[in-house]
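**Student:** Here you go, target.cif (mmCIF, C-alpha atoms):
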data_my_file
loop_
_atom_site.group_PDB
_atom_site.id
_atom_site.type_symbol
_atom_site.label_atom_id
_atom_site.label_comp_id
_atom_site.auth_asym_id
_atom_site.auth_seq_id
_atom_site.Cartn_x
_atom_site.Cartn_y
_atom_site.Cartn_z
ATOM 1 C CA MET V 1 -14.850 12.764 2.212
ATOM 2 C CA ALA V 2 -11.341 13.176 0.862
ATOM 3 C CA LEU V 3 -10.214 10.530 -1.552
ATOM 4 C CA LEU V 4 -6.844 8.883 -2.186
ATOM 5 C CA PHE V 5 -4.505 11.722 -1.129
ATOM 6 C CA LYS V 6 -4.887 13.800 2.023
ATOM 7 C CA LYS V 7 -2.866 15.191 4.897
ATOM 8 C CA LYS V 8 -2.554 13.277 8.143
ATOM 9 C CA ASN V 9 -5.338 13.412 10.725
ATOM 10 C CA LEU V 10 -6.315 11.448 13.814
ATOM 11 C CA SER V 11 -8.424 8.513 12.723
ATOM 12 C CA ALA V 12 -8.486 4.760 12.537
ATOM 13 C CA GLY V 13 -6.759 2.700 9.882
ATOM 14 C CA LEU V 14 -8.731 -0.235 8.479
ATOM 15 C CA SER V 15 -7.225 -2.784 6.106
ATOM 16 C CA LEU V 16 -9.215 -5.502 4.353
ATOM 17 C CA GLU V 17 -6.662 -7.951 3.030
ATOM 18 C CA SER V 18 -6.322 -11.675 2.447
ATOM 19 C CA GLY V 19 -9.737 -12.575 3.851
ATOM 20 C CA ALA V 20 -9.292 -10.661 7.112
ATOM 21 C CA PHE V 21 -9.603 -7.184 8.595
ATOM 22 C CA ARG V 22 -7.262 -5.250 10.860
ATOM 23 C CA LEU V 23 -8.243 -2.055 12.645
ATOM 24 C CA LEU V 24 -5.772 0.245 14.394
ATOM 25 C CA THR V 25 -6.387 3.604 16.084
ATOM 26 C CA LEU V 26 -3.406 5.565 17.374
ATOM 27 C CA SER V 27 -3.217 8.242 20.036
ATOM 28 C CA ASP V 28 -2.589 11.812 18.941
ATOM 29 C CA GLY V 29 0.677 13.578 19.637
ATOM 30 C CA GLU V 30 4.297 13.515 18.597
ATOM 31 C CA GLY V 31 5.422 10.038 17.595
ATOM 32 C CA TYR V 32 1.994 8.419 17.907
ATOM 33 C CA GLY V 33 3.252 6.418 20.854
ATOM 34 C CA SER V 34 0.293 4.275 21.846
ATOM 35 C CA VAL V 35 -2.554 2.274 20.376
ATOM 36 C CA LEU V 36 -5.993 3.408 21.473
ATOM 37 C CA LYS V 37 -7.789 0.494 19.872
ATOM 38 C CA SER V 38 -7.027 -2.571 17.801
ATOM 39 C CA ALA V 39 -9.199 -5.342 16.418
ATOM 40 C CA CYS V 40 -8.807 -8.056 13.831
ATOM 41 C CA GLY V 41 -10.660 -11.046 12.495
ATOM 42 C CA ARG V 42 -10.843 -13.466 9.587
ATOM 43 C CA PHE V 43 -14.023 -13.430 7.537
ATOM 44 C CA PRO V 44 -15.869 -16.759 7.785
ATOM 45 C CA LYS V 45 -16.586 -18.708 4.599
ATOM 46 C CA GLU V 46 -20.294 -17.893 4.772
ATOM 47 C CA ILE V 47 -19.325 -14.230 4.259
ATOM 48 C CA LEU V 48 -16.518 -14.695 1.731
ATOM 49 C CA ARG V 49 -16.063 -17.854 -0.293
ATOM 50 C CA SER V 50 -12.657 -16.549 -1.347
ATOM 51 C CA ASP V 51 -10.398 -13.823 0.057
ATOM 52 C CA ASP V 52 -11.916 -11.198 -2.268
ATOM 53 C CA ILE V 53 -13.754 -8.588 -0.179
ATOM 54 C CA CYS V 54 -15.540 -7.351 -3.310
ATOM 55 C CA GLU V 55 -17.770 -10.428 -3.127
ATOM 56 C CA ASN V 56 -19.972 -9.049 -0.371
ATOM 57 C CA PHE V 57 -19.280 -5.564 0.977
ATOM 58 C CA ASP V 58 -22.394 -5.406 3.127
ATOM 59 C CA ALA V 59 -21.511 -8.587 5.023
ATOM 60 C CA VAL V 60 -17.848 -7.539 5.253
ATOM 61 C CA PHE V 61 -18.608 -4.225 6.968
ATOM 62 C CA LYS V 62 -21.266 -5.784 9.185
ATOM 63 C CA PHE V 63 -18.675 -8.297 10.381
ATOM 64 C CA VAL V 64 -16.072 -5.549 10.964
ATOM 65 C CA ALA V 65 -18.544 -3.444 12.968
ATOM 66 C CA GLU V 66 -19.631 -6.379 15.135
ATOM 67 C CA GLU V 67 -16.185 -7.886 15.737
ATOM 68 C CA SER V 68 -14.603 -4.521 16.560
ATOM 69 C CA GLY V 69 -17.363 -3.529 18.956
ATOM 70 C CA GLY V 70 -18.146 -0.465 16.873
ATOM 71 C CA ILE V 71 -15.806 2.196 15.499
ATOM 72 C CA SER V 72 -16.260 5.718 16.849
ATOM 73 C CA ALA V 73 -13.349 7.393 15.041
ATOM 74 C CA PRO V 74 -13.512 8.202 11.325
ATOM 75 C CA VAL V 75 -11.770 5.511 9.319
ATOM 76 C CA ASN V 76 -9.039 5.671 6.692
ATOM 77 C CA LEU V 77 -9.761 2.607 4.563
ATOM 78 C CA GLY V 78 -7.134 0.911 2.439
ATOM 79 C CA LEU V 79 -8.174 -0.110 -1.064
ATOM 80 C CA PRO V 80 -6.765 -3.575 -1.864
ATOM 81 C CA VAL V 81 -3.729 -3.509 -4.156
ATOM 82 C CA THR V 82 -5.768 -5.392 -6.763
ATOM 83 C CA GLU V 83 -8.408 -2.644 -6.856
ATOM 84 C CA SER V 84 -6.318 0.550 -6.991
ATOM 85 C CA LEU V 85 -3.942 1.637 -9.729
ATOM 86 C CA LEU V 86 -1.041 4.103 -9.521
ATOM 87 C CA ARG V 87 0.721 5.825 -12.400
ATOM 88 C CA VAL V 88 3.291 8.627 -12.739
ATOM 89 C CA VAL V 89 2.225 11.234 -15.313
ATOM 90 C CA ASP V 90 4.243 14.031 -16.901
ATOM 91 C CA MET V 91 2.160 17.192 -17.466
ATOM 92 C CA PRO V 92 4.737 19.973 -17.946
ATOM 93 C CA GLY V 93 3.905 23.506 -16.915
ATOM 94 C CA LEU V 94 0.672 22.668 -15.089
ATOM 95 C CA SER V 95 -0.152 23.380 -11.462
ATOM 96 C CA LEU V 96 -1.717 20.623 -9.393
ATOM 97 C CA ALA V 97 -5.179 22.151 -9.819
ATOM 98 C CA GLU V 98 -4.688 22.484 -13.574
ATOM 99 C CA ALA V 99 -3.383 18.922 -13.853
ATOM 100 C CA LYS V 100 -6.441 17.545 -12.051
ATOM 101 C CA GLN V 101 -8.683 19.257 -14.577
ATOM 102 C CA ALA V 102 -6.591 18.281 -17.590
ATOM 103 C CA PHE V 103 -6.207 14.631 -16.615
ATOM 104 C CA LYS V 104 -9.878 13.905 -17.323
ATOM 105 C CA PHE V 105 -8.888 13.840 -21.002
ATOM 106 C CA GLU V 106 -5.967 11.471 -20.323
ATOM 107 C CA VAL V 107 -7.568 8.813 -18.125
ATOM 108 C CA GLU V 108 -7.956 6.170 -20.824
ATOM 109 C CA ASN V 109 -4.287 6.556 -21.815
ATOM 110 C CA TYR V 110 -3.184 5.346 -18.389
ATOM 111 C CA PHE V 111 -6.008 3.235 -16.925
ATOM 112 C CA PRO V 112 -8.286 0.469 -18.268
ATOM 113 C CA PHE V 113 -11.475 2.475 -17.764
ATOM 114 C CA SER V 114 -13.045 5.731 -18.905
ATOM 115 C CA GLU V 115 -13.126 9.009 -16.986
ATOM 116 C CA SER V 116 -16.836 8.567 -16.243
ATOM 117 C CA ASP V 117 -16.269 5.094 -14.774
ATOM 118 C CA CYS V 118 -13.512 5.966 -12.314
ATOM 119 C CA VAL V 119 -12.458 8.242 -9.487
ATOM 120 C CA TYR V 120 -8.922 9.612 -9.550
ATOM 121 C CA ASP V 121 -6.724 11.966 -7.591
ATOM 122 C CA LEU V 122 -3.295 13.503 -8.165
ATOM 123 C CA ALA V 123 -0.338 14.398 -5.973
ATOM 124 C CA GLU V 124 2.724 16.390 -7.033
ATOM 125 C CA ILE V 125 6.037 14.541 -6.739
ATOM 126 C CA ASP V 126 9.718 14.955 -7.644
ATOM 127 C CA TYR V 127 10.858 12.547 -10.345
ATOM 128 C CA PRO V 128 14.531 11.783 -11.145
ATOM 129 C CA VAL V 129 15.565 12.574 -14.727
ATOM 130 C CA GLY V 130 19.358 12.683 -14.385
ATOM 131 C CA GLU V 131 22.177 12.510 -11.860
ATOM 132 C CA ASN V 132 21.022 14.627 -8.902
ATOM 133 C CA VAL V 133 18.393 16.212 -11.168
ATOM 134 C CA SER V 134 14.630 15.878 -10.788
ATOM 135 C CA GLU V 135 11.507 17.510 -12.180
ATOM 136 C CA LYS V 136 7.895 17.903 -11.136
ATOM 137 C CA ARG V 137 5.521 15.127 -12.149
ATOM 138 C CA PHE V 138 2.210 13.823 -10.826
ATOM 139 C CA LEU V 139 1.357 10.571 -9.117
ATOM 140 C CA VAL V 140 -2.174 9.548 -10.099
ATOM 141 C CA ALA V 141 -4.269 7.083 -8.106
ATOM 142 C CA ALA V 142 -7.440 5.684 -9.638
ATOM 143 C CA ALA V 143 -10.148 3.154 -8.822
ATOM 144 C CA ARG V 144 -13.479 2.181 -10.315
ATOM 145 C CA LYS V 145 -16.291 4.503 -9.302
ATOM 146 C CA VAL V 146 -18.778 1.696 -8.695
ATOM 147 C CA LEU V 147 -16.325 0.034 -6.293
ATOM 148 C CA LEU V 148 -15.981 3.191 -4.186
ATOM 149 C CA GLU V 149 -19.735 3.771 -4.220
ATOM 150 C CA ASN V 150 -20.378 0.226 -2.996
ATOM 151 C CA ILE V 151 -17.757 0.575 -0.256
ATOM 152 C CA THR V 152 -19.033 3.904 1.062
ATOM 153 C CA ARG V 153 -22.656 2.753 0.991
ATOM 154 C CA ALA V 154 -21.944 -0.503 2.839
ATOM 155 C CA ALA V 155 -19.703 1.160 5.430
ATOM 156 C CA ALA V 156 -22.270 3.861 6.190
ATOM 157 C CA SER V 157 -25.056 1.316 6.573
ATOM 158 C CA HIS V 158 -23.131 -0.278 9.457
ATOM 159 C CA GLY V 159 -22.125 2.937 11.216
ATOM 160 C CA ILE V 160 -18.584 3.168 9.880
ATOM 161 C CA ARG V 161 -17.601 6.730 8.932
ATOM 162 C CA LEU V 162 -14.973 6.878 6.194
ATOM 163 C CA ALA V 163 -12.509 9.753 6.477
ATOM 164 C CA SER V 164 -10.691 8.726 3.305
ATOM 165 C CA LEU V 165 -10.003 5.940 0.852
ATOM 166 C CA GLU V 166 -6.383 5.286 -0.032
ATOM 167 C CA PRO V 167 -4.496 2.704 -2.095
ATOM 168 C CA SER V 168 -2.909 0.211 0.275
ATOM 169 C CA GLN V 169 0.395 0.679 -1.554
ATOM 170 C CA ILE V 170 0.542 4.294 -0.340
ATOM 171 C CA ALA V 171 -0.264 3.234 3.234
ATOM 172 C CA LEU V 172 2.528 0.645 3.138
ATOM 173 C CA GLU V 173 4.981 3.272 1.913
ATOM 174 C CA ARG V 174 4.044 5.541 4.818
ATOM 175 C CA ALA V 175 4.364 2.703 7.334
ATOM 176 C CA ALA V 176 7.847 1.913 6.052
ATOM 177 C CA GLY V 177 8.963 5.435 6.833
ATOM 178 C CA ALA V 178 8.935 7.206 3.486
ATOM 179 C CA GLU V 179 7.968 10.507 5.079
ATOM 180 C CA ARG V 180 11.032 10.320 7.339
ATOM 181 C CA GLY V 181 13.279 9.805 4.327
ATOM 182 C CA PHE V 182 15.814 7.031 4.832
ATOM 183 C CA ASP V 183 17.654 7.941 1.621
ATOM 184 C CA ASP V 184 17.113 10.095 -1.441
ATOM 185 C CA ALA V 185 16.683 6.857 -3.408
ATOM 186 C CA CYS V 186 15.610 3.554 -1.868
ATOM 187 C CA VAL V 187 13.374 0.551 -2.348
ATOM 188 C CA TYR V 188 10.697 -0.666 0.057
ATOM 189 C CA ILE V 189 9.903 -4.371 -0.136
ATOM 190 C CA TYR V 190 6.747 -5.573 1.609
ATOM 191 C CA ALA V 191 6.584 -9.334 2.144
ATOM 192 C CA GLY V 192 2.843 -9.498 2.687
ATOM 193 C CA VAL V 193 0.291 -12.023 3.870
ATOM 194 C CA GLY V 194 -1.606 -12.444 0.605
ATOM 195 C CA ARG V 195 0.129 -10.154 -1.861
ATOM 196 C CA SER V 196 3.416 -8.290 -1.677
ATOM 197 C CA VAL V 197 4.521 -4.889 -2.941
ATOM 198 C CA ILE V 198 7.759 -3.309 -4.156
ATOM 199 C CA ILE V 199 8.048 0.499 -4.085
ATOM 200 C CA LEU V 200 10.751 2.719 -5.572
ATOM 201 C CA SER V 201 11.010 5.905 -3.544
ATOM 202 C CA TRP V 202 12.760 9.137 -4.540
ATOM 203 C CA LYS V 203 13.121 11.864 -1.893
ATOM 204 C CA GLY V 204 10.173 10.485 0.059
ATOM 205 C CA CYS V 205 7.885 10.085 -2.964
ATOM 206 C CA GLY V 206 6.955 6.783 -4.554
ATOM 207 C CA ILE V 207 7.767 6.770 -8.263
ATOM 208 C CA PHE V 208 6.969 3.100 -8.975
ATOM 209 C CA TYR V 209 4.614 0.612 -7.295
ATOM 210 C CA GLY V 210 4.754 -3.041 -8.272
ATOM 211 C CA ASN V 211 2.385 -5.724 -7.014
ATOM 212 C CA ILE V 212 3.825 -9.182 -6.454
ATOM 213 C CA VAL V 213 1.334 -12.043 -6.503
ATOM 214 C CA SER V 214 3.162 -14.173 -3.944
ATOM 215 C CA GLY V 215 2.500 -13.685 -0.238
ATOM 216 C CA PHE V 216 3.607 -15.516 2.878
ATOM 217 C CA GLY V 217 0.275 -16.007 4.660
ATOM 218 C CA GLU V 218 -0.486 -19.609 3.783
ATOM 219 C CA ILE V 219 3.019 -20.961 4.314
ATOM 220 C CA MET V 220 3.535 -19.104 7.612
ATOM 221 C CA GLU V 221 0.122 -19.970 9.036
ATOM 222 C CA ARG V 222 0.540 -23.690 8.482
ATOM 223 C CA GLY V 223 3.884 -23.648 10.297
ATOM 224 C CA ALA V 224 6.129 -24.381 7.345
ATOM 225 C CA ASN V 225 9.510 -25.926 8.056
ATOM 226 C CA ASP V 226 12.812 -24.254 7.244
ATOM 227 C CA ASP V 227 13.136 -25.870 3.810
ATOM 228 C CA GLU V 228 9.618 -24.800 2.760
ATOM 229 C CA TYR V 229 10.225 -21.223 3.893
ATOM 230 C CA ALA V 230 13.577 -21.173 2.098
ATOM 231 C CA ALA V 231 11.903 -22.294 -1.144
ATOM 232 C CA MET V 232 9.243 -19.608 -0.760
ATOM 233 C CA ALA V 233 11.880 -16.974 -0.003
ATOM 234 C CA ALA V 234 13.862 -17.971 -3.101
ATOM 235 C CA SER V 235 10.761 -17.698 -5.300
ATOM 236 C CA PHE V 236 9.882 -14.355 -3.754
ATOM 237 C CA SER V 237 13.421 -13.058 -4.340
ATOM 238 C CA ARG V 238 13.156 -13.945 -8.031
ATOM 239 C CA ASP V 239 9.846 -12.071 -8.270
ATOM 240 C CA VAL V 240 11.389 -9.014 -6.595
ATOM 241 C CA ARG V 241 14.379 -9.118 -8.922
ATOM 242 C CA SER V 242 12.096 -9.200 -11.983
ATOM 243 C CA SER V 243 9.954 -6.335 -10.665
ATOM 244 C CA LEU V 244 13.044 -4.298 -9.803
ATOM 245 C CA GLN V 245 14.568 -4.828 -13.245
ATOM 246 C CA PHE V 246 11.312 -3.737 -14.899
ATOM 247 C CA ALA V 247 11.036 -0.657 -12.661
ATOM 248 C CA MET V 248 14.629 0.388 -13.304
ATOM 249 C CA SER V 249 14.125 0.021 -17.058
ATOM 250 C CA ARG V 250 11.290 2.553 -16.824
ATOM 251 C CA SER V 251 13.237 4.968 -14.604
ATOM 252 C CA ARG V 252 16.781 4.868 -15.959
ATOM 253 C CA ALA V 253 17.869 7.956 -14.011
ATOM 254 C CA PHE V 254 16.958 6.211 -10.759
ATOM 255 C CA THR V 255 19.920 4.448 -9.140
ATOM 256 C CA VAL V 256 19.482 2.663 -5.850
ATOM 257 C CA LYS V 257 21.700 0.650 -3.515
ATOM 258 C CA THR V 258 19.532 0.153 -0.426
ATOM 259 C CA ALA V 259 16.237 -1.610 0.234
ATOM 260 C CA TYR V 260 14.124 -1.841 3.377
ATOM 261 C CA LEU V 261 12.305 -5.122 3.949
ATOM 262 C CA PHE V 262 9.247 -5.479 6.189
ATOM 263 C CA GLY V 263 6.023 -7.424 6.550
ATOM 264 C CA PHE V 264 4.606 -10.764 7.634
ATOM 265 C CA GLY V 265 7.133 -12.866 5.726
ATOM 266 C CA ALA V 266 10.180 -10.674 6.355
ATOM 267 C CA SER V 267 13.218 -12.289 7.972
ATOM 268 C CA ARG V 268 16.987 -12.051 8.068
ATOM 269 C CA GLN V 269 17.133 -15.082 5.793
ATOM 270 C CA LEU V 270 14.922 -13.368 3.223
ATOM 271 C CA SER V 271 16.915 -10.123 3.373
ATOM 272 C CA ASP V 272 20.126 -12.070 2.716
ATOM 273 C CA MET V 273 18.525 -13.846 -0.255
ATOM 274 C CA LEU V 274 17.303 -10.563 -1.705
ATOM 275 C CA ALA V 275 20.752 -9.026 -1.398
ATOM 276 C CA GLU V 276 22.263 -12.024 -3.191
ATOM 277 C CA SER V 277 19.714 -12.203 -6.019
ATOM 278 C CA THR V 278 19.419 -8.478 -6.838
ATOM 279 C CA SER V 279 21.809 -5.632 -7.612
ATOM 280 C CA LEU V 280 21.061 -4.069 -4.225
ATOM 281 C CA GLU V 281 24.087 -3.607 -1.992
ATOM 282 C CA ASN V 282 22.111 -3.633 1.239
ATOM 283 C CA VAL V 283 18.718 -5.025 2.266
ATOM 284 C CA THR V 284 17.813 -3.881 5.779
ATOM 285 C CA LEU V 285 15.135 -5.593 7.845
ATOM 286 C CA ILE V 286 12.879 -3.079 9.639
ATOM 287 C CA ASP V 287 10.089 -3.269 12.231
ATOM 288 C CA VAL V 288 7.577 -0.610 11.213
ATOM 289 C CA MET V 289 5.977 -0.356 14.654
ATOM 290 C CA LYS V 290 9.325 0.371 16.319
ATOM 291 C CA LEU V 291 10.210 2.709 13.474
ATOM 292 C CA HIS V 292 7.303 4.971 14.460
ATOM 293 C CA GLY V 293 7.840 4.536 18.192
ATOM 294 C CA ILE V 294 4.687 2.474 18.712
ATOM 295 C CA CYS V 295 4.461 -0.162 21.418
ATOM 296 C CA PHE V 296 2.108 -2.802 20.028
ATOM 297 C CA GLU V 297 2.265 -6.548 20.456
ATOM 298 C CA ALA V 298 -0.282 -8.247 18.214
ATOM 299 C CA ASP V 299 -1.014 -11.862 17.430
ATOM 300 C CA GLY V 300 0.025 -12.769 13.917
ATOM 301 C CA GLY V 301 1.157 -10.221 11.367
ATOM 302 C CA GLY V 302 -0.169 -8.114 8.552
ATOM 303 C CA TRP V 303 -0.683 -4.877 10.509
ATOM 304 C CA GLU V 304 1.516 -2.735 8.265
ATOM 305 C CA THR V 305 -1.283 -1.428 6.029
ATOM 306 C CA ALA V 306 -3.513 -0.553 8.993
ATOM 307 C CA LEU V 307 -0.580 1.269 10.586
ATOM 308 C CA GLY V 308 0.102 3.314 7.468
ATOM 309 C CA LEU V 309 -3.570 4.241 7.244
ATOM 310 C CA ALA V 310 -3.738 5.265 10.907
ATOM 311 C CA LEU V 311 -0.656 7.487 10.390
ATOM 312 C CA ARG V 312 -2.310 9.281 7.483
#
Represent the structure contained in this file as structure tokens.
**Tutor:**
Amino acid sequence: MALLFKKKNLSAGLSLESGAFRLLTLSDGEGYGSVLKSACGRFPKEILRSDDICENFDAVFKFVAEESGGISAPVNLGLPVTESLLRVVDMPGLSLAEAKQAFKFEVENYFPFSESDCVYDLAEIDYPVGENVSEKRFLVAAARKVLLENITRAAASHGIRLASLEPSQIALERAAGAERGFDDACVYIYAGVGRSVIILSWKGCGIFYGNIVSGFGEIMERGANDDEYAAMAASFSRDVRSSLQFAMSRSRAFTVKTAYLFGFGASRQLSDMLAESTSLENVTLIDVMKLHGICFEADGGGWETALGLALR
């Protein structure tokens, strides 16, 4: 099984987020124009007391298998944003293969666990270091080894074949169209159900991934009025501004004017607030399904991670 970074193949995308699962399988072919299968469901309280899927993997995958009617295709599974870490590492003069070997001695400098306690993978990216100048660096994804072992064991015990495990942040970036390249430099803002994500992208490669605690699931599901949504949108905009300022302070050669907003809580009102509260000149609202030419009408929201995984 490939882990964390891999080329695209035909398989299902499975997200486990905010106390629910979403499964999406796309047809093969140019544009991925139709959905072969979709399924979703919220985990009952007897399975998860909270929204944390790490509480009970065996029950989680049993529920997914039963509610989906079985999954025949191999599955790309998204690791929750709270369980996967991403860092950009500078290892001058090394090939990708050499960097993978060398990084075992650097793990503890970048992640809060030892090399023996984690699984990591690297991908080569371009990183901006000056005006119109970039250099080769490596994006490293890491997760705790025991977590991945528990996931793979529980999935296999309920007949779910895992093609890959991938940080949900990467799947969201793919869903938003990073591979198509809107701009050399742009920001993707995901207004999620439970948690949200901000991604700085340079020439189709993410160079910064920030997790935002606030999500729109609770307020949207209870049918919040306009004033409540406006207050949530204002709070969210402040969080995005803080994350963007932090990211830009770490990547001073990165200048950006445009952001693309998507997700469960995305709206024209929110895009206008983000444009007003940040230094961004333009915040464009996008529909990720339409972006990839997919005709899919689903109840509720939160399908962006599953889509990105299915496009892998």
**Student:** Just the residues within 8 Å of Gly263 of chain V, please, counting all atoms listed in the file, with nothing from its chain fewer than 6 positions along; format it as a PyMOL selection string.
**Tutor:** chain V and resi 190-193+301-302+304
**Student:** For C-alpha atoms, I'd like the residues from the last selection saved as a PDB file, keeping the file's coordinate frame.
**Tutor:**
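Printed below is result_9.pdb as written:
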ATOM      1  CA  TYR V 190       6.747  -5.573   1.609  1.00  0.00           C
ATOM      2  CA  ALA V 191       6.584  -9.334   2.144  1.00  0.00           C
ATOM      3  CA  GLY V 192       2.843  -9.498   2.687  1.00  0.00           C
ATOM      4  CA  VAL V 193       0.291 -12.023   3.870  1.00  0.00           C
ATOM      5  CA  GLY V 301       1.157 -10.221  11.367  1.00  0.00           C
ATOM      6  CA  GLY V 302      -0.169  -8.114   8.552  1.00  0.00           C
ATOM      7  CA  GLU V 304       1.516  -2.735   8.265  1.00  0.00           C
TER       8      GLU V 304
END
**Student:** Go through segment 47-107 of chain V residue by residue and, counting only C-alpha atoms, keep those with an atom at most 8 Å from segment 158-178 of chain V; for each kept residue give the shortest atom pair and its distance in Å to one decimal, ordered by chain and increasing number, as a tab-separated table.
**Tutor:**
residue	atom	partner	partner_atom	distance
V:Phe61	CA	V:His158	CA	6.5
V:Lys62	CA	V:His158	CA	5.8
V:Ala65	CA	V:His158	CA	6.6
V:Gly70	CA	V:Gly159	CA	7.7
V:Ile71	CA	V:Ile160	CA	6.3
V:Ser72	CA	V:Ile160	CA	7.8
V:Ala73	CA	V:Arg161	CA	7.5
V:Pro74	CA	V:Arg161	CA	5.0
V:Val75	CA	V:Leu162	CA	4.7
V:Asn76	CA	V:Ser164	CA	4.9
V:Leu77	CA	V:Leu165	CA	5.0
V:Gly78	CA	V:Ser168	CA	4.8
V:Leu79	CA	V:Pro167	CA	4.7
V:Pro80	CA	V:Ser168	CA	5.8
V:Val81	CA	V:Ser168	CA	5.8
V:Ser84	CA	V:Pro167	CA	5.7
V:Leu85	CA	V:Pro167	CA	7.7
**Student:** For C-alpha atoms, I'd like the residues from the last selection saved as a CSV table (one decimal), keeping the file's coordinate frame.
**Tutor:**
chain,number,residue,atom,x,y,z
V,61,PHE,CA,-18.6,-4.2,7.0
V,62,LYS,CA,-21.3,-5.8,9.2
V,65,ALA,CA,-18.5,-3.4,13.0
V,70,GLY,CA,-18.1,-0.5,16.9
V,71,ILE,CA,-15.8,2.2,15.5
V,72,SER,CA,-16.3,5.7,16.8
V,73,ALA,CA,-13.3,7.4,15.0
V,74,PRO,CA,-13.5,8.2,11.3
V,75,VAL,CA,-11.8,5.5,9.3
V,76,ASN,CA,-9.0,5.7,6.7
V,77,LEU,CA,-9.8,2.6,4.6
V,78,GLY,CA,-7.1,0.9,2.4
V,79,LEU,CA,-8.2,-0.1,-1.1
V,80,PRO,CA,-6.8,-3.6,-1.9
V,81,VAL,CA,-3.7,-3.5,-4.2
V,84,SER,CA,-6.3,0.6,-7.0
V,85,LEU,CA,-3.9,1.6,-9.7
**Student:** To one decimal place in Å, what is the distance between atom CA of Val146 of chain V and atom CA of Thr305 of chain V?
**Tutor:**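 If I compute the distance from atom CA of Val146 of chain V to atom CA of Thr305 of chain V, I get 23.1 Å.
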**Student:** Using only C-alpha atoms, which of V:Ser114, V:Ser271, V:Ser134, V:Thr284 sits nearest Ser251 of chain V?
**Tutor:**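 Distance minimum relative to Ser251 of chain V lands on V:Ser134.
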**Student:** Would you pick out the contacts of Phe262 of chain V at 8 Å or less, using all atoms listed in the file, so that residues sharing its chain but fewer than 4 positions from it are not included, and give the list as JSON, numbers by chain?
**Tutor:** {"V": [176, 188, 189, 190, 191, 266, 285, 286, 287, 288]}
**Student:** Record the distance separating atom CA of Leu270 of chain V and atom CA of Asp227 of chain V, expressed in Å with one decimal.
**Tutor:** 12.6 Å
